[in-house]
$ cat my_file.cif   # mmCIF, C-alpha atoms
data_query
loop_
_atom_site.label_atom_id
_atom_site.label_comp_id
_atom_site.auth_asym_id
_atom_site.auth_seq_id
_atom_site.Cartn_x
_atom_site.Cartn_y
_atom_site.Cartn_z
CA MET A 16 0.00 0.00 0.00
CA ILE A 17 2.74 2.42 -0.90
CA SER A 18 2.82 4.55 -4.01
CA ARG A 19 5.95 6.50 -3.08
CA TRP A 20 8.15 3.74 -4.51
CA PRO A 21 8.13 3.25 -8.31
CA GLY A 22 7.73 0.06 -10.26
CA LEU A 23 4.70 -1.45 -8.55
CA SER A 24 3.86 -3.35 -11.71
CA GLY A 25 6.76 -5.71 -11.01
CA HIS A 26 8.46 -5.03 -14.35
CA ALA A 27 11.18 -7.58 -13.59
CA TRP A 28 8.59 -10.35 -13.96
CA SER A 29 6.49 -11.37 -16.92
CA THR A 30 2.75 -10.88 -16.63
CA ARG A 31 2.18 -14.64 -16.51
CA THR A 32 4.68 -15.12 -13.67
CA ALA A 33 3.20 -12.26 -11.67
CA VAL A 34 -0.37 -13.54 -12.09
CA VAL A 35 0.53 -17.09 -11.07
CA ALA A 36 2.55 -15.96 -8.04
CA TRP A 37 -0.09 -13.62 -6.64
CA VAL A 38 -2.99 -15.98 -7.37
CA LEU A 39 -1.13 -18.55 -5.28
CA VAL A 40 -0.67 -16.01 -2.46
CA VAL A 41 -4.37 -15.09 -2.48
CA ALA A 42 -5.39 -18.75 -2.68
CA ALA A 43 -3.23 -19.48 0.38
CA GLU A 44 -4.90 -16.58 2.19
CA LEU A 45 -8.37 -17.87 1.36
CA TYR A 46 -7.49 -21.38 2.53
CA MET A 47 -6.02 -20.23 5.84
CA THR A 48 -8.86 -17.80 6.54
CA LEU A 49 -11.64 -20.26 5.66
CA ARG A 50 -10.01 -22.92 7.81
CA PHE A 51 -9.94 -20.52 10.75
CA LEU A 52 -13.56 -19.48 10.24
CA ARG A 53 -14.70 -23.10 10.05
CA GLU A 54 -13.02 -23.84 13.38
CA GLU A 55 -14.40 -20.72 15.05
CA PHE A 56 -17.88 -20.61 13.46
CA VAL A 57 -19.85 -21.76 16.51
CA ASP A 58 -17.92 -19.56 18.98
CA LEU A 59 -18.12 -16.63 16.58
CA LEU A 60 -21.83 -16.52 15.81
CA GLY A 61 -23.32 -18.51 18.69
CA PRO A 62 -25.49 -17.02 21.48
CA THR A 63 -22.37 -15.96 23.37
CA GLY A 64 -20.32 -15.33 20.23
CA TRP A 65 -17.58 -12.74 20.01
CA PHE A 66 -18.54 -11.21 16.65
CA GLY A 67 -18.28 -7.42 16.92
CA GLY A 68 -17.13 -7.68 20.52
CA ASP A 69 -14.66 -4.79 20.50
CA GLY A 70 -17.10 -2.47 18.75
CA GLU A 71 -19.92 -3.35 21.14
CA ARG A 72 -17.65 -2.68 24.13
CA THR A 73 -16.84 0.80 22.83
CA LEU A 74 -20.51 1.55 22.12
CA HIS A 75 -21.47 0.37 25.60
CA ALA A 76 -18.83 2.57 27.23
CA THR A 77 -19.93 5.54 25.13
CA ARG A 78 -23.59 5.12 26.16
CA ILE A 79 -22.59 4.98 29.81
CA TRP A 80 -20.59 8.19 29.38
CA LEU A 81 -23.47 9.95 27.59
CA GLU A 82 -25.76 8.98 30.48
CA GLY A 83 -23.35 10.51 33.00
CA GLY A 84 -21.68 7.29 34.13
CA GLN A 85 -18.06 6.18 34.22
CA PRO A 86 -17.09 4.55 30.89
CA TYR A 87 -13.85 3.17 32.32
CA ASP A 88 -15.82 0.85 34.58
CA VAL A 89 -16.47 -1.18 31.42
CA TYR A 90 -14.17 -4.19 31.43
CA GLY A 91 -11.46 -3.95 28.78
CA PHE A 92 -12.26 -0.44 27.57
CA LEU A 93 -8.86 1.19 26.99
CA TYR A 94 -9.59 3.93 24.46
CA SER A 95 -9.28 7.61 25.30
CA PRO A 96 -12.14 10.11 25.76
CA VAL A 97 -11.62 11.14 22.12
CA ALA A 98 -12.99 7.72 21.15
CA LEU A 99 -16.13 8.45 23.18
CA ILE A 100 -16.74 11.62 21.18
CA LEU A 101 -16.13 9.87 17.86
CA ASP A 102 -18.45 7.00 18.78
CA ALA A 103 -21.23 9.15 20.21
CA PRO A 104 -23.10 9.58 16.86
CA LEU A 105 -23.08 5.81 16.31
CA THR A 106 -24.84 5.07 19.60
CA ALA A 107 -28.10 6.46 18.18
CA LEU A 108 -28.14 3.74 15.52
CA GLY A 109 -28.31 0.73 17.80
CA ASP A 110 -25.51 -1.82 18.15
CA ASP A 111 -26.30 -3.87 15.06
CA LEU A 112 -26.48 -0.97 12.60
CA ALA A 113 -23.64 0.92 14.32
CA ILE A 114 -21.30 -2.07 13.95
CA LYS A 115 -22.21 -2.38 10.27
CA VAL A 116 -21.56 1.31 9.67
CA TRP A 117 -18.19 1.08 11.43
CA LEU A 118 -17.23 -1.98 9.40
CA PHE A 119 -18.28 -0.23 6.20
CA LEU A 120 -16.03 2.72 7.06
CA GLY A 121 -13.07 0.46 7.86
CA VAL A 122 -13.43 -1.73 4.77
CA SER A 123 -13.96 1.31 2.54
CA ALA A 124 -10.82 2.93 3.94
CA ILE A 125 -8.64 -0.13 3.43
CA VAL A 126 -9.98 -0.80 -0.07
CA GLY A 127 -9.60 2.85 -1.06
CA CYS A 128 -5.98 2.91 0.11
CA THR A 129 -5.24 -0.29 -1.79
CA LEU A 130 -6.69 1.14 -4.99
CA ILE A 131 -4.67 4.34 -4.56
CA ALA A 132 -1.48 2.38 -3.93
CA THR A 133 -1.98 0.16 -7.00
CA ARG A 134 -2.92 2.94 -9.38
CA GLY A 135 -1.26 2.41 -12.75
CA ILE A 136 -0.95 -1.37 -12.64
CA PRO A 137 -3.18 -3.76 -14.69
CA TRP A 138 -6.74 -4.37 -13.52
CA TRP A 139 -5.96 -7.96 -12.53
CA GLY A 140 -3.23 -6.73 -10.24
CA ARG A 141 -5.56 -4.30 -8.52
CA LEU A 142 -8.24 -6.97 -8.18
CA LEU A 143 -5.75 -9.40 -6.64
CA ALA A 144 -4.47 -6.68 -4.30
CA VAL A 145 -7.96 -5.80 -3.01
CA THR A 146 -8.90 -9.47 -2.67
CA GLY A 147 -5.65 -10.21 -0.88
CA VAL A 148 -6.06 -7.36 1.61
CA LEU A 149 -9.69 -8.23 2.36
CA THR A 150 -9.05 -11.96 2.83
CA PHE A 151 -5.88 -11.49 4.89
CA HIS A 152 -6.50 -13.17 8.24
CA ALA A 153 -5.56 -10.00 10.17
CA THR A 154 -8.09 -7.94 8.19
CA VAL A 155 -10.73 -10.60 8.75
CA GLY A 156 -9.92 -10.56 12.45
CA ASP A 157 -10.36 -6.80 12.57
CA TYR A 158 -13.80 -6.77 11.06
CA LEU A 159 -14.94 -9.84 12.97
CA LEU A 160 -14.21 -7.93 16.17
CA ALA A 161 -15.17 -4.49 14.78
CA ASN A 162 -11.81 -3.21 16.00
CA THR A 163 -10.02 -0.03 14.93
CA THR A 164 -6.91 -1.38 13.18
CA MET A 165 -8.26 -0.99 9.64
CA VAL A 166 -8.80 2.74 10.03
CA LEU A 167 -5.45 3.14 11.80
CA VAL A 168 -3.62 1.33 8.99
CA ALA A 169 -5.41 3.48 6.41
CA ALA A 170 -4.27 6.60 8.28
CA MET A 171 -0.71 5.23 8.45
CA PHE A 172 -0.83 4.75 4.68
CA PHE A 173 -1.55 8.45 4.14
CA VAL A 174 1.46 9.36 6.27
CA ILE A 175 3.68 7.06 4.19
CA ARG A 176 2.32 8.43 0.95
CA GLY A 177 2.10 12.09 1.92
CA GLU A 178 4.51 14.98 1.79
CA SER A 179 2.58 17.54 3.83
CA VAL A 180 1.39 18.21 7.35
CA LYS A 181 -2.21 17.39 6.40
CA SER A 182 -1.21 13.81 5.52
CA GLY A 183 -0.75 13.10 9.23
CA LEU A 184 -3.81 14.84 10.65
CA LEU A 185 -6.10 11.80 10.44
CA LEU A 186 -3.57 9.53 12.12
CA GLY A 187 -3.12 12.17 14.81
CA VAL A 188 -6.83 12.20 15.64
CA LEU A 189 -7.11 8.41 15.53
CA THR A 190 -3.99 7.95 17.65
CA ALA A 191 -5.44 10.34 20.22
CA ALA A 192 -8.62 8.21 20.21
CA PHE A 193 -7.14 4.72 19.93
CA PRO A 194 -3.57 4.84 21.30
CA LYS A 195 -1.95 1.50 20.48
CA PRO A 196 1.67 0.53 21.21
CA MET A 197 2.05 -0.78 17.64
CA LEU A 198 2.09 2.85 16.49
CA VAL A 199 5.26 3.78 18.39
CA PRO A 200 7.79 2.17 15.99
CA PHE A 201 5.89 3.51 13.00
CA LEU A 202 5.87 7.06 14.37
CA LEU A 203 9.63 6.84 14.95
CA TRP A 204 10.07 5.82 11.31
CA ALA A 205 7.76 8.63 10.21
CA LEU A 206 9.75 11.13 12.26
CA VAL A 207 12.87 10.27 10.23
CA TRP A 208 11.35 9.77 6.78
CA ARG A 209 8.07 11.76 6.90
CA PRO A 210 8.73 14.67 9.30
CA ARG A 211 5.95 16.85 7.90
CA GLY A 212 3.47 14.03 8.21
CA THR A 213 4.67 13.45 11.77
CA LEU A 214 4.06 17.11 12.54
CA GLY A 215 0.53 16.60 11.23
CA VAL A 216 0.12 13.63 13.60
CA VAL A 217 1.18 15.84 16.52
CA VAL A 218 -1.13 18.68 15.46
CA GLY A 219 -4.11 16.38 14.88
CA GLY A 220 -3.59 14.59 18.17
CA LEU A 221 -3.17 17.78 20.19
CA VAL A 222 -6.20 19.49 18.67
CA ALA A 223 -8.40 16.44 19.24
CA THR A 224 -7.18 16.00 22.81
CA LEU A 225 -7.59 19.67 23.75
CA ALA A 226 -11.07 19.81 22.21
CA VAL A 227 -12.18 16.76 24.19
CA LEU A 228 -10.61 18.14 27.37
CA VAL A 229 -12.90 21.13 27.00
CA ILE A 230 -15.95 18.97 26.26
CA ALA A 231 -15.42 16.06 28.66
CA GLY A 232 -13.25 17.69 31.31
CA PRO A 233 -9.89 16.66 32.77
CA GLY A 234 -11.55 14.09 35.01
CA SER A 235 -12.24 11.87 32.02
CA TYR A 236 -8.54 11.79 31.16
CA SER A 237 -7.56 11.06 34.75
CA ALA A 238 -9.85 8.02 34.69
CA PHE A 239 -8.46 6.99 31.31
CA LEU A 240 -4.84 7.15 32.46
CA GLU A 241 -5.63 5.23 35.65
CA THR A 242 -7.33 2.54 33.57
CA VAL A 243 -4.37 2.27 31.18
CA VAL A 244 -1.98 1.86 34.12
CA ARG A 245 -4.19 -0.92 35.49
CA GLY A 246 -4.57 -2.51 32.06
CA GLY A 247 -8.34 -2.20 32.04
CA GLY A 248 -8.64 -5.46 33.93
CA ILE A 249 -7.33 -7.42 30.93
CA THR A 250 -4.63 -10.00 31.59
CA VAL A 251 -2.35 -11.28 28.84
CA ARG A 252 -3.82 -14.78 29.17
CA PHE A 253 -7.00 -14.14 27.22
CA ALA A 254 -8.11 -16.44 24.40
CA GLY A 255 -7.34 -13.99 21.60
CA ASN A 256 -3.75 -13.26 22.55
CA TYR A 257 -1.21 -14.83 20.20
CA GLY A 258 1.74 -12.77 21.43
CA LEU A 259 4.90 -13.65 23.34
CA SER A 260 3.30 -12.39 26.54
CA LEU A 261 1.06 -15.46 26.52
CA VAL A 262 4.22 -17.58 26.90
CA SER A 263 6.13 -15.25 29.21
CA PRO A 264 5.42 -11.57 30.02
CA ALA A 265 9.07 -11.12 31.02
CA LEU A 266 10.25 -12.49 27.67
CA ALA A 267 7.80 -10.24 25.83
CA ALA A 268 9.07 -7.18 27.72
CA ALA A 269 12.71 -8.06 27.00
CA VAL A 270 11.99 -8.57 23.30
CA ALA A 271 10.10 -5.27 23.14
CA VAL A 272 13.08 -3.37 24.61
CA PHE A 273 15.51 -5.12 22.25
CA VAL A 274 13.34 -4.36 19.19
CA MET A 275 13.07 -0.67 20.08
CA VAL A 276 16.84 -0.36 20.57
CA ALA A 277 17.52 -2.25 17.34
CA LEU A 278 14.98 -0.11 15.47
CA PHE A 279 16.86 2.99 16.56
CA PHE A 280 20.05 1.68 14.91
CA VAL A 281 18.18 0.49 11.82
CA LEU A 282 16.74 3.97 11.36
CA LEU A 283 20.23 5.45 11.68
CA ARG A 284 21.98 3.04 9.31
CA ARG A 285 19.48 1.73 6.76
CA GLY A 286 17.12 3.25 4.21
CA GLN A 287 13.44 3.99 4.45
CA MET A 288 12.28 0.63 3.11
CA VAL A 289 14.14 -1.52 5.63
CA GLY A 290 13.14 0.98 8.29
CA LEU A 291 9.48 0.65 7.35
CA ILE A 292 9.68 -3.15 7.43
CA TRP A 293 11.12 -2.92 10.94
CA ALA A 294 8.53 -0.35 12.00
CA VAL A 295 5.47 -2.41 11.01
CA ALA A 296 6.87 -5.78 12.14
CA GLY A 297 8.36 -4.31 15.30
CA GLY A 298 4.99 -2.86 16.26
CA ILE A 299 3.75 -6.41 16.82
CA LEU A 300 6.63 -7.28 19.14
CA VAL A 301 6.47 -4.11 21.26
CA SER A 302 2.74 -4.53 21.98
CA PRO A 303 1.76 -6.10 25.33
CA TYR A 304 -0.35 -8.65 23.45
CA ALA A 305 -0.99 -9.65 19.84
CA PRO A 306 -4.65 -10.22 18.91
CA MET A 307 -5.67 -11.78 15.60
CA TYR A 308 -5.69 -8.40 13.83
CA SER A 309 -2.19 -7.38 14.96
CA GLY A 310 -0.55 -8.40 11.68
CA LEU A 311 -2.60 -5.99 9.55
CA PRO A 312 0.18 -3.33 9.35
CA PHE A 313 2.27 -5.89 7.42
CA VAL A 314 0.41 -4.82 4.26
CA LEU A 315 1.95 -1.35 4.48
CA ALA A 316 5.45 -2.57 3.61
CA LEU A 317 4.55 -5.11 0.92
CA PRO A 318 4.38 -2.77 -2.12
CA ALA A 319 7.74 -1.21 -1.22
CA VAL A 320 9.37 -4.63 -1.28
CA TYR A 321 7.53 -5.59 -4.47
CA SER A 322 8.77 -2.48 -6.23
CA ILE A 323 12.38 -3.68 -6.08
CA ALA A 324 12.19 -7.45 -5.56
CA PRO A 325 8.96 -9.20 -6.62
CA GLY A 326 10.22 -12.63 -5.52
CA LEU A 327 11.09 -11.31 -2.07
CA ALA A 328 7.65 -9.69 -1.86
CA VAL A 329 5.95 -13.02 -2.54
CA ALA A 330 8.08 -14.67 0.14
CA TYR A 331 7.17 -11.82 2.51
CA ALA A 332 3.46 -12.26 1.80
CA LEU A 333 3.55 -16.05 2.17
CA THR A 334 5.44 -15.74 5.47
CA VAL A 335 2.78 -13.59 7.09
CA VAL A 336 -0.07 -15.59 5.53
CA LEU A 337 1.13 -19.08 6.44
CA ALA A 338 2.13 -18.04 9.96
CA GLU A 339 -1.54 -17.07 10.40
CA GLN A 340 -2.12 -16.01 14.02
CA ALA A 341 1.50 -16.62 15.04
CA THR A 342 2.28 -13.01 14.19
CA PRO A 343 5.28 -12.71 16.56
CA LEU A 344 6.95 -15.54 14.65
CA SER A 345 6.29 -13.97 11.27
CA ALA A 346 7.41 -10.59 12.66
CA VAL A 347 10.79 -12.03 13.70
CA VAL A 348 11.26 -13.67 10.29
CA VAL A 349 10.37 -10.43 8.49
CA LEU A 350 12.70 -8.37 10.70
CA LEU A 351 15.66 -10.64 10.01
CA ALA A 352 14.86 -10.91 6.30
CA GLY A 353 14.66 -7.12 6.06
CA LEU A 354 18.27 -6.83 7.20
CA LEU A 355 19.32 -9.13 4.35
CA LEU A 356 18.00 -6.68 1.76
CA PRO A 357 21.09 -5.41 -0.13
CA TYR A 358 22.07 -1.80 0.47
CA ARG A 359 21.93 -1.04 -3.24
CA TYR A 360 18.19 -1.79 -3.24
CA ASP A 361 17.44 0.60 -0.41
CA ARG A 362 19.97 3.40 -0.35
CA ARG A 363 19.71 5.49 2.76
CA GLY A 364 20.29 8.81 1.06
CA ARG A 365 19.48 11.94 2.98
CA PRO A 366 16.57 11.45 5.41
CA PRO A 367 14.02 14.28 5.16
CA ILE A 368 14.26 14.92 8.90
CA ARG A 369 17.90 15.98 8.48
CA ALA A 370 17.10 18.59 5.85
CA TYR A 371 14.03 19.65 7.82
CA VAL A 372 16.05 20.26 11.00
CA GLU A 373 18.83 22.02 9.10
CA ARG A 374 16.34 24.42 7.51
CA LEU A 375 14.72 25.01 10.89
CA PHE A 376 17.99 25.84 12.61
CA ARG A 377 19.27 27.88 9.67
CA HIS A 378 16.09 29.96 9.82
CA ARG A 379 16.44 30.26 13.59
CA GLY A 380 20.04 31.40 13.17
CA GLU A 381 18.95 34.06 10.69
CA VAL A 382 16.31 35.29 13.13
CA ASP A 383 18.84 35.40 15.98
CA GLN A 384 21.31 37.39 13.86
CA THR A 385 18.59 39.87 12.89
CA PHE A 386 17.60 40.21 16.55
CA ARG A 387 21.20 40.94 17.57
CA ARG A 388 21.64 43.56 14.82
CA GLU A 389 18.42 45.36 15.66
CA THR A 390 18.59 45.14 19.45
CA PRO A 391 21.16 47.43 21.14
CA GLY A 392 23.17 45.63 23.77
CA ALA A 393 21.95 42.20 22.68
#
$ encode --input "my_file.cif" --output "structure tokens"
Amino acid sequence: MISRWPGLSGHAWSTRTAVVAWVLVVAAELYMTLRFLREEFVDLLGPTGWFGGDGERTLHATRIWLEGGQPYDVYGFLYSPVALILDAPLTALGDDLAIKVWLFLGVSAIVGCTLIATRGIPWWGRLLAVTGVLTFHATVGDYLLANTTMVLVAAMFFVIRGESVKSGLLLGVLTAAFPKPMLVPFLLWALVWRPRGTLGVVVGGLVATLAVLVIAGPGSYSAFLETVVRGGGITVRFAGNYGLSLVSPALAAAVAVFVMVALFFVLLRRGQMVGLIWAVAGGILVSPYAPMYSGLPFVLALPAVYSIAPGLAVAYALTVVLAEQATPLSAVVVLLAGLLLPYRYDRRGRPPIRAYVERLFRHRGEVDQTFRRETPGA
């Protein structure tokens, strides 16, 4: 889902080779997803099924808040007061219709971004791309739970693709509403390679937060922060956690620290493509837990890899597809494989943040010199 890198048509491959390879990838996705749904069908749609569970929790918390209650008494509700404001219009629709509207928005966003990213390639390529994104097990997991990852990934895409402050505004608002640890590595990458977009994230997040502080009051944020510190009552040993924390919280914490330190060096030494691979895969490993939708950000790096190495892109896609819910395993494989990408394919060049800071300080120096000239005794 990246249009900043050229050559998305995979010119190094013949049309026949590209069609066969990506049909096989999509077929593998369909098989893995249908197998999962068959195993989970009863639990998913039964009387106590978990379909739409995350969306219903947010709607329930929002209704409690609108009625003057404490939304953070709702078990597992970890979103900020901004989320309550965003969800308030949906509460008037009833749970069933509200969930459908939310899913429509998420699916529309992810499909729209895919079509933008694949603009200029043959129709069959765009069709395979949309089908692949929609049948990816992480995408399926997101709309089965009515979670927020689809809209967050769409907003991340606009930061990757954009050159201006406005490209980050949506992600800023959504991050203020749905703060997820997976965003931290990505925002570090964006700071280096998309500084203007990162500024937009900061502006959007601050404006949304300040507006909600005025509407909901500081007490709502105090309750939110207390809930986040407590973890919202959620332990890592819940059925939908496929992360390292399920095996050992201490191991998960150690891996998270290592990944963040390693990401820092990757951002210093490697180019934007390897950095992006580390940012999206690392986001899985720095999160306290890894639900079934946690691998969705993987799609953000795939077109960048495909633009320079179609065969590697297919291997990348098959890795995350065949690993299915074992996203920490696929994340580790992708991180290590990213380091094997030859330097000539992903030249570091001059990161935009460096030029941005230099212009900022040069302008500041000019202002200081003017101040000294015009101010006696300065």
$ residues_around --input "my_file.cif" --residues "Tyr257 of chain A" --least-positions-apart "6" --cutoff "7 Å" --atoms "all atoms listed in the file" --output "list of chain:residue names"
A:Ala305, A:Pro306, A:Gln340, A:Ala341
$ closest_residue --input "my_file.cif" --among "A:Ala226, A:Val180, A:Val276, A:Met288" --to "Tyr321 of chain A" --atoms "all atoms listed in the file"
A:Met288
$ residues_near_point --input "my_file.cif" --point "(-12.9, 13.9, 24.9)" --cutoff "10 Å" --atoms "all atoms listed in the file" --output "PDB file with C-alpha atoms, in the coordinates of the input"
ATOM      1  CA  SER A  95      -9.280   7.610  25.300  1.00  0.00           C
ATOM      2  CA  PRO A  96     -12.140  10.110  25.760  1.00  0.00           C
ATOM      3  CA  VAL A  97     -11.620  11.140  22.120  1.00  0.00           C
ATOM      4  CA  ALA A  98     -12.990   7.720  21.150  1.00  0.00           C
ATOM      5  CA  LEU A  99     -16.130   8.450  23.180  1.00  0.00           C
ATOM      6  CA  ILE A 100     -16.740  11.620  21.180  1.00  0.00           C
ATOM      7  CA  LEU A 101     -16.130   9.870  17.860  1.00  0.00           C
ATOM      8  CA  ALA A 191      -5.440  10.340  20.220  1.00  0.00           C
ATOM      9  CA  ALA A 192      -8.620   8.210  20.210  1.00  0.00           C
ATOM     10  CA  ALA A 223      -8.400  16.440  19.240  1.00  0.00           C
ATOM     11  CA  THR A 224      -7.180  16.000  22.810  1.00  0.00           C
ATOM     12  CA  LEU A 225      -7.590  19.670  23.750  1.00  0.00           C
ATOM     13  CA  ALA A 226     -11.070  19.810  22.210  1.00  0.00           C
ATOM     14  CA  VAL A 227     -12.180  16.760  24.190  1.00  0.00           C
ATOM     15  CA  LEU A 228     -10.610  18.140  27.370  1.00  0.00           C
ATOM     16  CA  VAL A 229     -12.900  21.130  27.000  1.00  0.00           C
ATOM     17  CA  ILE A 230     -15.950  18.970  26.260  1.00  0.00           C
ATOM     18  CA  ALA A 231     -15.420  16.060  28.660  1.00  0.00           C
ATOM     19  CA  GLY A 232     -13.250  17.690  31.310  1.00  0.00           C
ATOM     20  CA  PRO A 233      -9.890  16.660  32.770  1.00  0.00           C
ATOM     21  CA  SER A 235     -12.240  11.870  32.020  1.00  0.00           C
ATOM     22  CA  TYR A 236      -8.540  11.790  31.160  1.00  0.00           C
TER      23      TYR A 236
END
$ resolve_selection --input "my_file.cif" --expression "the PyMOL selection byres ((chain A and resi 85) around 12)" --output "VMD selection string"
chain A and resid 75 to 84 86 to 90 92 96 99 231 234 to 239 242
$ atom_distance --input "my_file.cif" --atom1 "atom CA of Gly183 of chain A" --atom2 "atom CA of Thr213 of chain A"
6.0 Å
$ atom_distance --input "my_file.cif" --atom1 "atom CA of Thr30 of chain A" --atom2 "atom CA of Leu49 of chain A"
28.1 Å
$ closest_residue --input "my_file.cif" --among "A:Ile323, A:Ile299, A:Val347, A:Leu159" --to "Ser260 of chain A" --atoms "all atoms listed in the file"
A:Ile299
$ residues_around --input "my_file.cif" --residues "Val126 of chain A" --least-positions-apart "5" --cutoff "8 Å" --atoms "only C-alpha atoms" --output "VMD selection string"
chain A and resid 145 148 to 149
$ write_last_selection --input "my_file.cif" --atoms "C-alpha atoms" --output "PDB file, keeping the file's coordinate frame"
ATOM      1  CA  VAL A 145      -7.960  -5.800  -3.010  1.00  0.00           C
ATOM      2  CA  VAL A 148      -6.060  -7.360   1.610  1.00  0.00           C
ATOM      3  CA  LEU A 149      -9.690  -8.230   2.360  1.00  0.00           C
TER       4      LEU A 149
END
$ atom_distance --input "my_file.cif" --atom1 "atom CA of Gly220 of chain A" --atom2 "atom CA of Leu184 of chain A"
7.5 Å
$ resolve_selection --input "my_file.cif" --expression "the PyMOL selection byres ((chain A and resi 182) around 10)" --output "MDAnalysis selection string"
chainID A and resid 170:181 183:187 209 211:216
$ residues_near_point --input "my_file.cif" --point "(17.9, 2.1, 5.8)" --cutoff "12 Å" --atoms "only C-alpha atoms" --output "PyMOL selection string"
chain A and resi 204+207-208+278-294+353-366
$ closest_residue --input "my_file.cif" --among "A:Asp157, A:Asp110, A:Glu339, A:Asp69" --to "Leu45 of chain A" --atoms "only C-alpha atoms"
A:Glu339
$ closest_residue --input "my_file.cif" --among "A:Leu315, A:Ala43, A:Ala271, A:Val35" --to "Thr334 of chain A" --atoms "all atoms listed in the file"
A:Ala43
$ closest_residue --input "my_file.cif" --among "A:Pro194, A:Pro343, A:Gly140, A:Gly70" --to "Leu112 of chain A" --atoms "only C-alpha atoms"
A:Gly70
